[in-house]
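Source file entry-v5.tsv; content: TSV, C-alpha atoms and all ligand atoms.
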```tsv
chain	number	residue	atom	x	y	z
K	1	MET	CA	1.63	-25.10	-3.70
K	2	LYS	CA	3.79	-22.81	-5.82
K	3	ALA	CA	3.67	-19.00	-5.86
K	4	LEU	CA	4.74	-16.40	-8.39
K	5	VAL	CA	5.51	-13.00	-6.84
K	6	PHE	CA	5.06	-9.99	-9.12
K	7	ALA	CA	7.76	-7.53	-8.08
K	8	GLU	CA	6.59	-4.01	-8.85
K	9	HIS	CA	9.02	-1.14	-9.32
K	10	LYS	CA	8.82	2.61	-9.46
K	11	ASP	CA	11.38	5.24	-10.50
K	12	GLY	CA	14.03	2.56	-11.09
K	13	GLN	CA	13.62	0.97	-7.65
K	14	LEU	CA	11.83	-2.20	-6.64
K	15	ARG	CA	8.99	-1.30	-4.29
K	16	LYS	CA	9.02	-2.28	-0.63
K	17	ILE	CA	5.88	-4.40	-1.13
K	18	ALA	CA	7.87	-6.62	-3.53
K	19	PHE	CA	10.30	-7.47	-0.70
K	20	GLU	CA	7.40	-7.90	1.73
K	21	ASN	CA	5.65	-10.37	-0.58
K	22	VAL	CA	8.85	-12.36	-1.13
K	23	SER	CA	9.27	-12.50	2.68
K	24	LEU	CA	5.63	-13.58	3.03
K	25	VAL	CA	5.79	-16.53	0.61
K	26	LYS	CA	9.15	-17.54	2.09
K	27	GLN	CA	7.62	-17.44	5.59
K	28	LEU	CA	4.68	-19.55	4.37
K	29	GLY	CA	7.17	-22.16	3.15
K	30	LEU	CA	5.94	-21.99	-0.46
K	31	ASP	CA	8.03	-22.89	-3.46
K	32	PHE	CA	8.20	-19.61	-5.41
K	33	GLU	CA	9.64	-17.55	-8.23
K	34	CYS	CA	9.51	-13.82	-8.95
K	35	VAL	CA	8.66	-11.86	-12.06
K	36	VAL	CA	9.71	-8.30	-12.92
K	37	ILE	CA	8.40	-6.49	-15.99
K	38	GLY	CA	10.43	-3.77	-17.69
K	39	GLY	CA	12.36	-1.07	-15.93
K	40	ASP	CA	16.03	-0.50	-15.42
K	41	VAL	CA	15.98	-2.13	-11.99
K	42	ASN	CA	18.35	-4.36	-10.07
K	43	ALA	CA	16.18	-7.51	-9.94
K	44	ALA	CA	18.97	-9.30	-8.03
K	45	GLU	CA	17.97	-7.26	-4.95
K	46	LEU	CA	15.08	-9.71	-4.50
K	47	GLY	CA	17.70	-12.32	-3.55
K	48	LYS	CA	18.34	-10.41	-0.32
K	49	TYR	CA	14.89	-11.53	0.84
K	50	GLY	CA	15.16	-15.13	-0.35
K	51	ALA	CA	14.18	-15.10	-4.04
K	52	ALA	CA	16.37	-17.63	-5.85
K	53	LYS	CA	14.73	-17.35	-9.26
K	54	VAL	CA	13.60	-14.17	-10.99
K	55	SER	CA	12.29	-13.79	-14.55
K	56	HIS	CA	12.91	-10.26	-15.83
K	57	TYR	CA	10.90	-9.35	-18.94
K	58	ASN	CA	12.89	-6.71	-20.77
K	59	LYS	CA	10.06	-4.64	-22.12
K	60	ALA	CA	10.48	-1.00	-22.91
K	61	GLY	CA	7.56	1.35	-22.57
K	62	ASN	CA	5.23	2.60	-19.90
K	63	TYR	CA	2.78	0.56	-17.87
K	64	SER	CA	0.24	-1.16	-20.05
K	65	PRO	CA	-2.62	-2.86	-18.17
K	66	ASP	CA	-3.33	-5.33	-20.97
K	67	GLY	CA	0.33	-5.95	-21.78
K	68	TYR	CA	1.30	-6.55	-18.14
K	69	ALA	CA	-1.73	-8.78	-17.54
K	70	THR	CA	-0.89	-10.94	-20.58
K	71	ILE	CA	2.75	-11.34	-19.51
K	72	LEU	CA	1.75	-12.18	-15.94
K	73	ALA	CA	-0.84	-14.76	-17.02
K	74	ASP	CA	1.76	-16.37	-19.33
K	75	ALA	CA	4.33	-16.30	-16.50
K	76	VAL	CA	1.91	-18.03	-14.11
K	77	ASN	CA	1.27	-20.77	-16.68
K	78	SER	CA	4.89	-21.26	-17.70
K	79	SER	CA	6.17	-21.32	-14.11
K	80	GLY	CA	3.45	-23.76	-13.03
K	81	ALA	CA	2.49	-21.42	-10.16
K	82	ASP	CA	-0.82	-21.93	-8.37
K	83	VAL	CA	-0.99	-18.46	-6.88
K	84	LEU	CA	0.10	-15.06	-8.17
K	85	VAL	CA	0.99	-12.68	-5.33
K	86	MET	CA	0.94	-8.92	-5.89
K	87	GLY	CA	0.79	-5.78	-3.77
K	88	ALA	CA	-2.55	-4.11	-3.08
K	89	THR	CA	-1.11	-1.01	-4.76
K	90	SER	CA	-2.76	1.03	-7.52
K	91	MET	CA	-1.03	-1.19	-10.09
K	92	GLY	CA	-1.83	-4.41	-8.22
K	93	LYS	CA	-5.48	-3.42	-7.91
K	94	ASP	CA	-5.60	-2.65	-11.63
K	95	LEU	CA	-3.90	-5.88	-12.68
K	96	ALA	CA	-5.34	-8.50	-10.33
K	97	PRO	CA	-8.82	-8.75	-11.91
K	98	ARG	CA	-7.37	-8.64	-15.44
K	99	VAL	CA	-4.96	-11.51	-14.74
K	100	GLY	CA	-7.70	-13.31	-12.82
K	101	ALA	CA	-9.99	-13.15	-15.86
K	102	LYS	CA	-7.25	-14.44	-18.17
K	103	LEU	CA	-6.47	-17.38	-15.86
K	104	ASN	CA	-10.04	-18.07	-14.81
K	105	ALA	CA	-8.68	-17.58	-11.32
K	106	ALA	CA	-10.41	-16.39	-8.15
K	107	VAL	CA	-9.02	-13.09	-6.87
K	108	ALA	CA	-8.67	-11.97	-3.25
K	109	SER	CA	-7.72	-8.31	-2.93
K	110	ASP	CA	-6.21	-6.31	-0.09
K	111	CYS	CA	-5.38	-9.38	2.03
K	112	THR	CA	-4.24	-8.58	5.56
K	113	GLN	CA	-3.51	-12.16	6.64
K	114	VAL	CA	-2.41	-15.12	4.54
K	115	GLU	CA	-1.85	-18.64	5.87
K	116	VAL	CA	-1.43	-22.06	4.33
K	117	ASP	CA	-4.17	-24.39	5.45
K	118	GLY	CA	-4.56	-27.95	4.19
K	119	GLY	CA	-2.93	-27.30	0.79
K	120	ASN	CA	-4.94	-24.14	0.25
K	121	LEU	CA	-4.60	-20.52	1.32
K	122	LYS	CA	-6.63	-19.18	4.21
K	123	ILE	CA	-6.97	-15.45	3.75
K	124	VAL	CA	-8.33	-12.62	5.86
K	125	ARG	CA	-9.48	-9.52	4.01
K	126	PRO	CA	-11.65	-6.54	4.98
K	127	MET	CA	-15.09	-6.13	3.46
K	128	TYR	CA	-17.70	-3.37	3.66
K	129	ALA	CA	-15.08	-0.67	4.31
K	130	GLY	CA	-13.52	-2.66	7.13
K	131	LYS	CA	-16.74	-3.41	9.05
K	132	VAL	CA	-16.24	-7.13	8.39
K	133	GLN	CA	-13.02	-9.13	8.43
K	134	ALA	CA	-13.82	-12.07	6.16
K	135	THR	CA	-11.85	-15.33	6.31
K	136	ILE	CA	-11.94	-16.91	2.88
K	137	LYS	CA	-10.53	-19.73	0.80
K	138	LEU	CA	-10.16	-19.59	-2.97
K	139	THR	CA	-11.36	-22.79	-4.61
K	140	SER	CA	-10.19	-22.18	-8.20
K	141	ALA	CA	-7.11	-24.02	-9.52
K	142	LYS	CA	-5.20	-20.76	-10.13
K	143	LYS	CA	-5.45	-17.96	-7.59
K	144	VAL	CA	-4.53	-14.28	-7.56
K	145	ILE	CA	-4.03	-12.32	-4.35
K	146	THR	CA	-3.03	-8.74	-3.57
K	147	VAL	CA	-1.50	-8.13	-0.15
K	148	ARG	CA	-1.87	-4.85	1.73
K	149	PRO	CA	1.49	-3.01	1.96
K	150	ASN	CA	3.16	-2.68	5.38
K	151	VAL	CA	1.18	-5.53	6.99
K	152	TYR	CA	3.98	-8.05	6.51
K	153	GLY	CA	7.45	-6.61	6.93
K	154	ALA	CA	10.39	-7.43	4.68
K	155	THR	CA	12.72	-9.96	6.33
K	156	GLU	CA	16.23	-10.40	5.01
K	157	ASN	CA	17.07	-13.98	4.08
K	158	ALA	CA	19.88	-13.66	1.56
K	159	VAL	CA	20.32	-16.08	-1.34
K	160	THR	CA	21.85	-15.52	-4.76
K	161	ALA	CA	19.09	-14.68	-7.19
K	162	ASN	CA	19.32	-16.32	-10.59
K	163	ILE	CA	18.01	-13.69	-13.01
K	164	GLU	CA	16.63	-14.95	-16.28
K	165	SER	CA	16.18	-12.24	-18.92
K	166	LYS	CA	13.09	-12.86	-20.99
K	167	SER	CA	11.60	-11.19	-23.98
K	168	SER	CA	7.95	-11.00	-24.88
K	169	ASP	CA	6.25	-10.08	-28.14
K	170	VAL	CA	3.17	-8.84	-26.30
K	171	ASP	CA	2.15	-5.51	-27.77
K	172	PHE	CA	2.18	-2.70	-25.21
K	173	LYS	CA	-0.49	-0.47	-26.64
K	174	THR	CA	0.05	3.10	-25.57
K	175	VAL	CA	-2.30	3.50	-22.65
K	176	VAL	CA	-0.08	5.61	-20.42
K	177	LYS	CA	1.54	8.13	-22.73
K	178	GLU	CA	3.56	10.06	-20.21
K	179	ILE	CA	4.24	9.55	-16.53
K	180	ILE	CA	4.18	12.82	-14.65
K	181	SER	CA	6.67	12.27	-11.90
K	182	GLY	CA	5.65	15.10	-9.56
K	183	ALA	CA	3.78	12.87	-7.11
K	184	GLY	CA	6.44	10.18	-7.20
K	185	ALA	CA	9.12	12.27	-5.54
K	186	LYS	CA	7.51	12.21	-2.10
K	187	LEU	CA	7.21	9.32	0.30
K	188	ASP	CA	4.19	7.22	-0.68
K	189	VAL	CA	1.56	7.19	2.04
K	190	THR	CA	0.93	3.43	1.57
K	191	GLU	CA	4.59	2.49	2.04
K	192	ALA	CA	5.61	4.86	4.83
K	193	ASP	CA	6.26	3.55	8.31
K	194	ILE	CA	4.84	6.73	9.85
K	195	VAL	CA	1.95	8.78	8.44
K	196	VAL	CA	0.89	12.21	9.68
K	197	SER	CA	-2.58	13.10	8.41
K	198	GLY	CA	-4.57	16.28	8.66
K	199	GLY	CA	-8.25	17.07	8.32
K	200	ARG	CA	-10.73	19.92	8.25
K	201	GLY	CA	-9.60	20.92	11.73
K	202	LEU	CA	-6.56	22.55	10.09
K	203	LYS	CA	-9.00	25.27	8.90
K	204	GLY	CA	-7.19	25.92	5.60
K	205	PRO	CA	-4.22	25.10	3.38
K	206	GLU	CA	-2.27	28.02	4.88
K	207	ASN	CA	-1.93	25.96	8.08
K	208	TRP	CA	-0.80	22.73	6.39
K	209	HIS	CA	2.85	23.55	7.21
K	210	LEU	CA	2.04	22.07	10.65
K	211	ILE	CA	1.41	18.65	9.06
K	212	GLU	CA	4.39	19.08	6.76
K	213	ASP	CA	6.79	20.12	9.54
K	214	LEU	CA	5.67	17.33	11.87
K	215	ALA	CA	5.97	14.80	9.04
K	216	THR	CA	9.46	16.06	8.19
K	217	ALA	CA	10.56	15.92	11.83
K	218	LEU	CA	9.39	12.28	12.01
K	219	GLY	CA	10.48	11.18	8.52
K	220	ALA	CA	6.81	10.49	7.81
K	221	ALA	CA	4.53	10.66	4.78
K	222	GLN	CA	1.67	13.14	4.72
K	223	GLY	CA	-1.95	12.03	4.52
K	224	ALA	CA	-5.26	13.85	4.46
K	225	SER	CA	-8.94	13.29	5.12
K	226	ARG	CA	-11.37	13.56	2.24
K	227	ALA	CA	-12.65	16.85	3.63
K	228	ALA	CA	-9.17	18.34	3.18
K	229	VAL	CA	-8.86	16.87	-0.31
K	230	ASP	CA	-12.36	17.90	-1.43
K	231	ALA	CA	-11.65	21.44	-0.23
K	232	GLY	CA	-8.66	21.48	-2.61
K	233	TRP	CA	-6.15	21.83	0.24
K	234	ARG	CA	-4.36	18.57	-0.62
K	235	PRO	CA	-3.92	16.33	-3.70
K	236	HIS	CA	-6.01	13.17	-3.98
K	237	ASP	CA	-2.97	10.89	-3.80
K	238	GLU	CA	-2.73	11.79	-0.09
K	239	GLN	CA	-6.33	10.89	0.74
K	240	VAL	CA	-6.67	8.08	3.27
K	241	GLY	CA	-9.91	6.15	3.50
K	242	GLN	CA	-12.57	4.24	1.65
K	243	THR	CA	-12.25	6.29	-1.52
K	244	GLY	CA	-8.58	7.05	-0.97
K	245	LYS	CA	-5.64	4.89	0.02
K	246	THR	CA	-5.46	2.16	2.62
K	247	VAL	CA	-2.49	2.49	4.92
K	248	ALA	CA	-1.08	0.28	7.67
K	249	PRO	CA	1.95	2.14	9.09
K	250	SER	CA	3.54	1.50	12.48
K	251	LEU	CA	2.37	4.95	13.58
K	252	TYR	CA	-0.60	6.98	12.28
K	253	ILE	CA	-1.12	10.49	13.66
K	254	ALA	CA	-4.56	11.94	12.90
K	255	ILE	CA	-4.72	15.69	13.43
K	256	GLY	CA	-8.03	17.57	13.26
K	257	ILE	CA	-9.75	14.49	11.82
K	258	SER	CA	-13.08	13.42	13.31
K	259	GLY	CA	-12.74	9.71	12.50
K	260	ALA	CA	-15.68	9.11	10.14
K	261	ILE	CA	-16.17	5.44	9.25
K	262	GLN	CA	-14.95	6.09	5.71
K	263	HIS	CA	-11.67	7.51	7.04
K	264	LEU	CA	-11.24	4.64	9.52
K	265	ALA	CA	-11.66	2.18	6.63
K	266	GLY	CA	-8.29	3.36	5.32
K	267	MET	CA	-6.19	3.48	8.48
K	268	SER	CA	-7.67	1.34	11.27
K	269	SER	CA	-5.11	-1.44	10.77
K	270	SER	CA	-2.26	0.94	11.67
K	271	LYS	CA	-0.24	-0.47	14.55
K	272	TYR	CA	-0.38	2.64	16.77
K	273	ILE	CA	-2.88	5.43	16.28
K	274	VAL	CA	-2.45	8.86	17.86
K	275	ALA	CA	-5.32	11.34	17.59
K	276	ILE	CA	-5.22	15.06	18.25
K	277	ASN	CA	-8.65	16.64	18.41
K	278	LYS	CA	-10.24	19.30	20.56
K	279	ASP	CA	-13.53	17.38	20.78
K	280	PRO	CA	-13.29	14.60	23.41
K	281	GLU	CA	-16.32	12.92	21.78
K	282	ALA	CA	-14.68	12.67	18.34
K	283	PRO	CA	-15.05	9.06	17.07
K	284	ILE	CA	-11.33	8.89	16.23
K	285	PHE	CA	-10.65	8.48	19.98
K	286	LYS	CA	-12.54	5.15	19.96
K	287	ILE	CA	-9.77	3.54	17.92
K	288	ALA	CA	-6.80	5.67	19.04
K	289	ASP	CA	-4.09	4.11	21.22
K	290	TYR	CA	-3.12	7.60	22.43
K	291	GLY	CA	-5.37	10.63	22.34
K	292	ILE	CA	-4.58	14.28	22.93
K	293	VAL	CA	-7.69	16.35	23.60
K	294	ALA	CA	-6.43	19.80	22.72
K	295	ASP	CA	-6.30	22.58	20.18
K	296	LEU	CA	-4.01	21.36	17.41
K	297	PHE	CA	-2.69	24.90	16.87
K	298	ASP	CA	-1.34	24.77	20.41
K	299	VAL	CA	-0.09	21.16	20.54
K	300	VAL	CA	1.39	20.52	17.09
K	301	PRO	CA	3.91	23.42	17.10
K	302	ARG	CA	5.11	22.23	20.51
K	303	MET	CA	5.52	18.66	19.21
K	304	ILE	CA	7.53	19.94	16.25
K	305	GLU	CA	9.71	22.05	18.53
K	306	GLU	CA	10.42	19.11	20.86
K	307	LEU	CA	11.14	16.73	17.98
K	308	LYS	CA	13.53	19.21	16.40
K	309	LYS	CA	15.46	19.35	19.68
H	401	LIG	C1	-18.96	7.31	-0.06
H	401	LIG	C2	-18.06	8.13	0.85
H	401	LIG	C3	-16.69	7.91	0.80
H	401	LIG	C4	-15.84	8.65	1.62
H	401	LIG	N1	-14.50	8.39	1.57
H	401	LIG	C5	-13.69	9.03	2.45
H	401	LIG	C6	-12.29	8.76	2.48
H	401	LIG	O1	-11.75	7.99	1.67
H	401	LIG	N2	-11.54	9.41	3.40
H	401	LIG	C7	-12.06	10.31	4.30
H	401	LIG	O2	-11.30	10.85	5.11
H	401	LIG	N3	-13.36	10.58	4.27
H	401	LIG	C8	-14.19	9.99	3.37
H	401	LIG	N4	-15.51	10.33	3.33
H	401	LIG	C9	-15.95	11.50	4.09
H	401	LIG	C10	-16.19	11.24	5.57
H	401	LIG	O3	-17.52	10.81	5.78
H	401	LIG	C11	-15.98	12.53	6.39
H	401	LIG	O4	-16.82	13.54	5.89
H	401	LIG	C12	-14.54	13.07	6.37
H	401	LIG	O5	-13.64	12.03	6.70
H	401	LIG	C13	-14.40	14.18	7.38
H	401	LIG	O6	-13.13	14.73	7.31
H	401	LIG	P1	-12.50	15.43	8.60
H	401	LIG	O7	-12.43	14.46	9.70
H	401	LIG	O8	-11.24	16.08	8.17
H	401	LIG	O9	-13.53	16.61	8.88
H	401	LIG	P2	-14.61	16.80	10.06
H	401	LIG	O10	-15.49	15.61	10.17
H	401	LIG	O11	-15.22	18.13	9.85
H	401	LIG	O12	-13.72	16.81	11.36
H	401	LIG	C14	-12.84	17.83	11.72
H	401	LIG	C15	-12.35	17.54	13.13
H	401	LIG	O13	-11.39	18.49	13.50
H	401	LIG	C16	-11.58	18.80	14.85
H	401	LIG	N5	-11.04	20.15	15.10
H	401	LIG	C17	-11.50	21.33	14.61
H	401	LIG	N6	-10.71	22.35	15.01
H	401	LIG	C18	-9.72	21.79	15.75
H	401	LIG	C19	-8.60	22.31	16.45
H	401	LIG	N7	-8.32	23.63	16.44
H	401	LIG	N8	-7.81	21.47	17.15
H	401	LIG	C20	-8.08	20.14	17.18
H	401	LIG	N9	-9.12	19.56	16.52
H	401	LIG	C21	-9.93	20.40	15.81
H	401	LIG	C22	-13.06	18.74	15.08
H	401	LIG	O14	-13.37	18.49	16.46
H	401	LIG	C23	-13.47	17.58	14.17
H	401	LIG	O15	-13.47	16.36	14.89
H	401	LIG	C24	-16.38	9.61	2.51
H	401	LIG	C25	-17.75	9.81	2.54
H	401	LIG	C26	-18.58	9.10	1.74
H	401	LIG	C27	-20.06	9.31	1.81
```
For the file at hand, write its structure as structure tokens.
Ligand SMILES: Cc1cc2nc3c(=O)[nH]c(=O)nc-3n(C[C@H](O)[C@H](O)[C@H](O)COP(=O)(O)OP(=O)(O)OC[C@H]3O[C@@H](n4cnc5c(N)ncnc54)[C@H](O)[C@@H]3O)c2cc1C
Amino acid sequence: MKALVFAEHKDGQLRKIAFENVSLVKQLGLDFECVVIGGDVNAAELGKYGAAKVSHYNKAGNYSPDGYATILADAVNSSGADVLVMGATSMGKDLAPRVGAKLNAAVASDCTQVEVDGGNLKIVRPMYAGKVQATIKLTSAKKVITVRPNVYGATENAVTANIESKSSDVDFKTVVKEIISGAGAKLDVTEADIVVSGGRGLKGPENWHLIEDLATALGAAQGASRAAVDAGWRPHDEQVGQTGKTVAPSLYIAIGISGAIQHLAGMSSSKYIVAINKDPEAPIFKIADYGIVADLFDVVPRMIEELKK
């Protein structure tokens, strides 16, 4: 079985999920190549994780869903790959069904476990907002999968990457006219190793400095419950949960968050979960590895103070 790894980039840097997916296919023992589209990025960096062959399509212009999907479908066919591997990122989620339709391929999104089993892939992916962990096999000839960021780490396995520059006459229709880079400057909640999230228990945006200061002290990204986002305290790109982002950091700290099922859907696969809540019956404690039953306004400043020391 041969894989093609789509290496996504942002702000001139390859994304961590690209390295994770290269490490994954390498670990599975698959023959593989990588593909990068556009961007002034150092595609050779993929070699650090074991990618020996990278096709870099030198396309100018912003992200174009149709344009990218056409190039990826062509790249799958020309490389002879059986499976296209992408990140379960916003771009991966947008592209996977489009490429799947072009290739008549089955698509498995947000995979949390991928194994090779009898010449096929055996995949575990959450369904029904994480209530079910389904084990599936894709029976189509071509397959497309998106893998959840942070589930598989990036393992260094250096080889020299052979970069082949390619051109494509695919027309990038202007779909994204301008990329507003404001949100891109901060650590992305889906890629961070530590996430500090706050909820309605913070009482208002004027208290959010507690989340911000704790996150800074830990080098973490900030997340939020939907209640905090709906109230306008935080931007939607920080929302964790069923209708927000799915995260799987090493450490997730939930502060003043009750642990509604829709929130858990986005963070329950975190490796360690710490909950701070004054209600001992809060559902978040059912999945927390460590729980602090206390007033957050008392505990969080003390945590920040200790960490700063
Ligand atoms: C279709 C659908 C999709 C949804 N998608 C999402 C989603 O993606 N993400 C999401 O988060 N939610 C989502 N929700 C909403 C979800 O059901 C909850 O309403 C929401 O998660 C609650 O947010 P919260 O925990 O911040 O607020 P609350 O449920 O109000 O909890 C606040 C918590 O703070 C605690 N608290 C209060 N004061 C303090 C204090 N001083 N010290 C310590 N603890 C304190 C309270 O004990 C309470 O447990 C969705 C709902 C629906 C119907």
Please identify all polymer residues within 8 Å of Phe285 (chain K), counting all atoms listed in the file, omitting same-chain residues fewer than 6 positions from it, and present them as an MDAnalysis selection string. chainID K and resid 259 275 291
Pick out the residues no farther than 8 Å from ligand LIG 401 (chain H), counting all atoms listed in the file, and list them as a ChimeraX atom specification. /K:198-203,224-228,239-245,255-266,276-280,282-284,293-298
Between K:Thr216, K:Thr70, K:Asn104, K:Thr246, which one has atoms that come closest to Val170 (chain K), using only C-alpha atoms? K:Thr70
Can you tell me which residues surround region 17-24 of chain K at a distance of at most 9 Å, considering only C-alpha atoms, apart from same-chain residues fewer than 3 positions away, and format the answer as a VMD selection string? chain K and resid 5 to 9 14 27 to 29 32 to 34 45 to 46 48 to 51 85 to 89 114 147 to 157 191
Would you mind exporting the chosen residues as a short mmCIF file (atom, residue, chain, number, x, y, z; two decimals), in the frame of the given file, restricted to C-alpha atoms?
```cif
data_model
loop_
_atom_site.label_atom_id
_atom_site.label_comp_id
_atom_site.auth_asym_id
_atom_site.auth_seq_id
_atom_site.Cartn_x
_atom_site.Cartn_y
_atom_site.Cartn_z
CA VAL K 5 5.51 -13.00 -6.84
CA PHE K 6 5.06 -9.99 -9.12
CA ALA K 7 7.76 -7.53 -8.08
CA GLU K 8 6.59 -4.01 -8.85
CA HIS K 9 9.02 -1.14 -9.32
CA LEU K 14 11.83 -2.20 -6.64
CA GLN K 27 7.62 -17.44 5.59
CA LEU K 28 4.68 -19.55 4.37
CA GLY K 29 7.17 -22.16 3.15
CA PHE K 32 8.20 -19.61 -5.41
CA GLU K 33 9.64 -17.55 -8.23
CA CYS K 34 9.51 -13.82 -8.95
CA GLU K 45 17.97 -7.26 -4.95
CA LEU K 46 15.08 -9.71 -4.50
CA LYS K 48 18.34 -10.41 -0.32
CA TYR K 49 14.89 -11.53 0.84
CA GLY K 50 15.16 -15.13 -0.35
CA ALA K 51 14.18 -15.10 -4.04
CA VAL K 85 0.99 -12.68 -5.33
CA MET K 86 0.94 -8.92 -5.89
CA GLY K 87 0.79 -5.78 -3.77
CA ALA K 88 -2.55 -4.11 -3.08
CA THR K 89 -1.11 -1.01 -4.76
CA VAL K 114 -2.41 -15.12 4.54
CA VAL K 147 -1.50 -8.13 -0.15
CA ARG K 148 -1.87 -4.85 1.73
CA PRO K 149 1.49 -3.01 1.96
CA ASN K 150 3.16 -2.68 5.38
CA VAL K 151 1.18 -5.53 6.99
CA TYR K 152 3.98 -8.05 6.51
CA GLY K 153 7.45 -6.61 6.93
CA ALA K 154 10.39 -7.43 4.68
CA THR K 155 12.72 -9.96 6.33
CA GLU K 156 16.23 -10.40 5.01
CA ASN K 157 17.07 -13.98 4.08
CA GLU K 191 4.59 2.49 2.04
#
```
Nearest to Asp169 (chain K): which of K:Glu306, K:Asp213, K:Asp289, K:Asp74 is it, counting all atoms listed in the file? K:Asp74
For Lys173 (chain K), list every protein, DNA or RNA residue within 10 Å, evaluated using all atoms listed in the file, and leave out those in the same chain fewer than 6 positions away; present the list as number ranges by chain. K: 61-67
Reconstruct N, CA and C atoms of region 142-155 of chain K; output as a CSV table (one decimal), in the frame of the given file.
```
chain,number,residue,atom,x,y,z
K,142,LYS,N,-6.1,-21.9,-10.2
K,142,LYS,CA,-5.2,-20.8,-10.1
K,142,LYS,C,-5.8,-19.7,-9.2
K,143,LYS,N,-4.9,-19.0,-8.5
K,143,LYS,CA,-5.4,-18.0,-7.6
K,143,LYS,C,-4.6,-16.7,-7.8
K,144,VAL,N,-5.2,-15.5,-7.5
K,144,VAL,CA,-4.5,-14.3,-7.6
K,144,VAL,C,-4.8,-13.5,-6.3
K,145,ILE,N,-3.8,-13.1,-5.6
K,145,ILE,CA,-4.0,-12.3,-4.4
K,145,ILE,C,-3.2,-11.0,-4.4
K,146,THR,N,-3.8,-10.0,-3.8
K,146,THR,CA,-3.0,-8.7,-3.6
K,146,THR,C,-2.9,-8.6,-2.0
K,147,VAL,N,-1.7,-8.2,-1.6
K,147,VAL,CA,-1.5,-8.1,-0.2
K,147,VAL,C,-1.3,-6.7,0.2
K,148,ARG,N,-1.9,-6.3,1.3
K,148,ARG,CA,-1.9,-4.8,1.7
K,148,ARG,C,-0.4,-4.5,2.1
K,149,PRO,N,0.1,-3.4,1.6
K,149,PRO,CA,1.5,-3.0,2.0
K,149,PRO,C,1.6,-2.7,3.5
K,150,ASN,N,2.8,-3.0,4.0
K,150,ASN,CA,3.2,-2.7,5.4
K,150,ASN,C,2.6,-3.6,6.4
K,151,VAL,N,1.7,-4.6,6.0
K,151,VAL,CA,1.2,-5.5,7.0
K,151,VAL,C,2.2,-6.6,7.3
K,152,TYR,N,2.9,-7.1,6.3
K,152,TYR,CA,4.0,-8.0,6.5
K,152,TYR,C,5.3,-7.3,6.2
K,153,GLY,N,6.2,-7.3,7.2
K,153,GLY,CA,7.4,-6.6,6.9
K,153,GLY,C,8.3,-7.4,5.9
K,154,ALA,N,9.4,-6.7,5.5
K,154,ALA,CA,10.4,-7.4,4.7
K,154,ALA,C,11.5,-8.0,5.6
K,155,THR,N,11.7,-9.3,5.5
K,155,THR,CA,12.7,-10.0,6.3
K,155,THR,C,13.9,-10.4,5.5
```
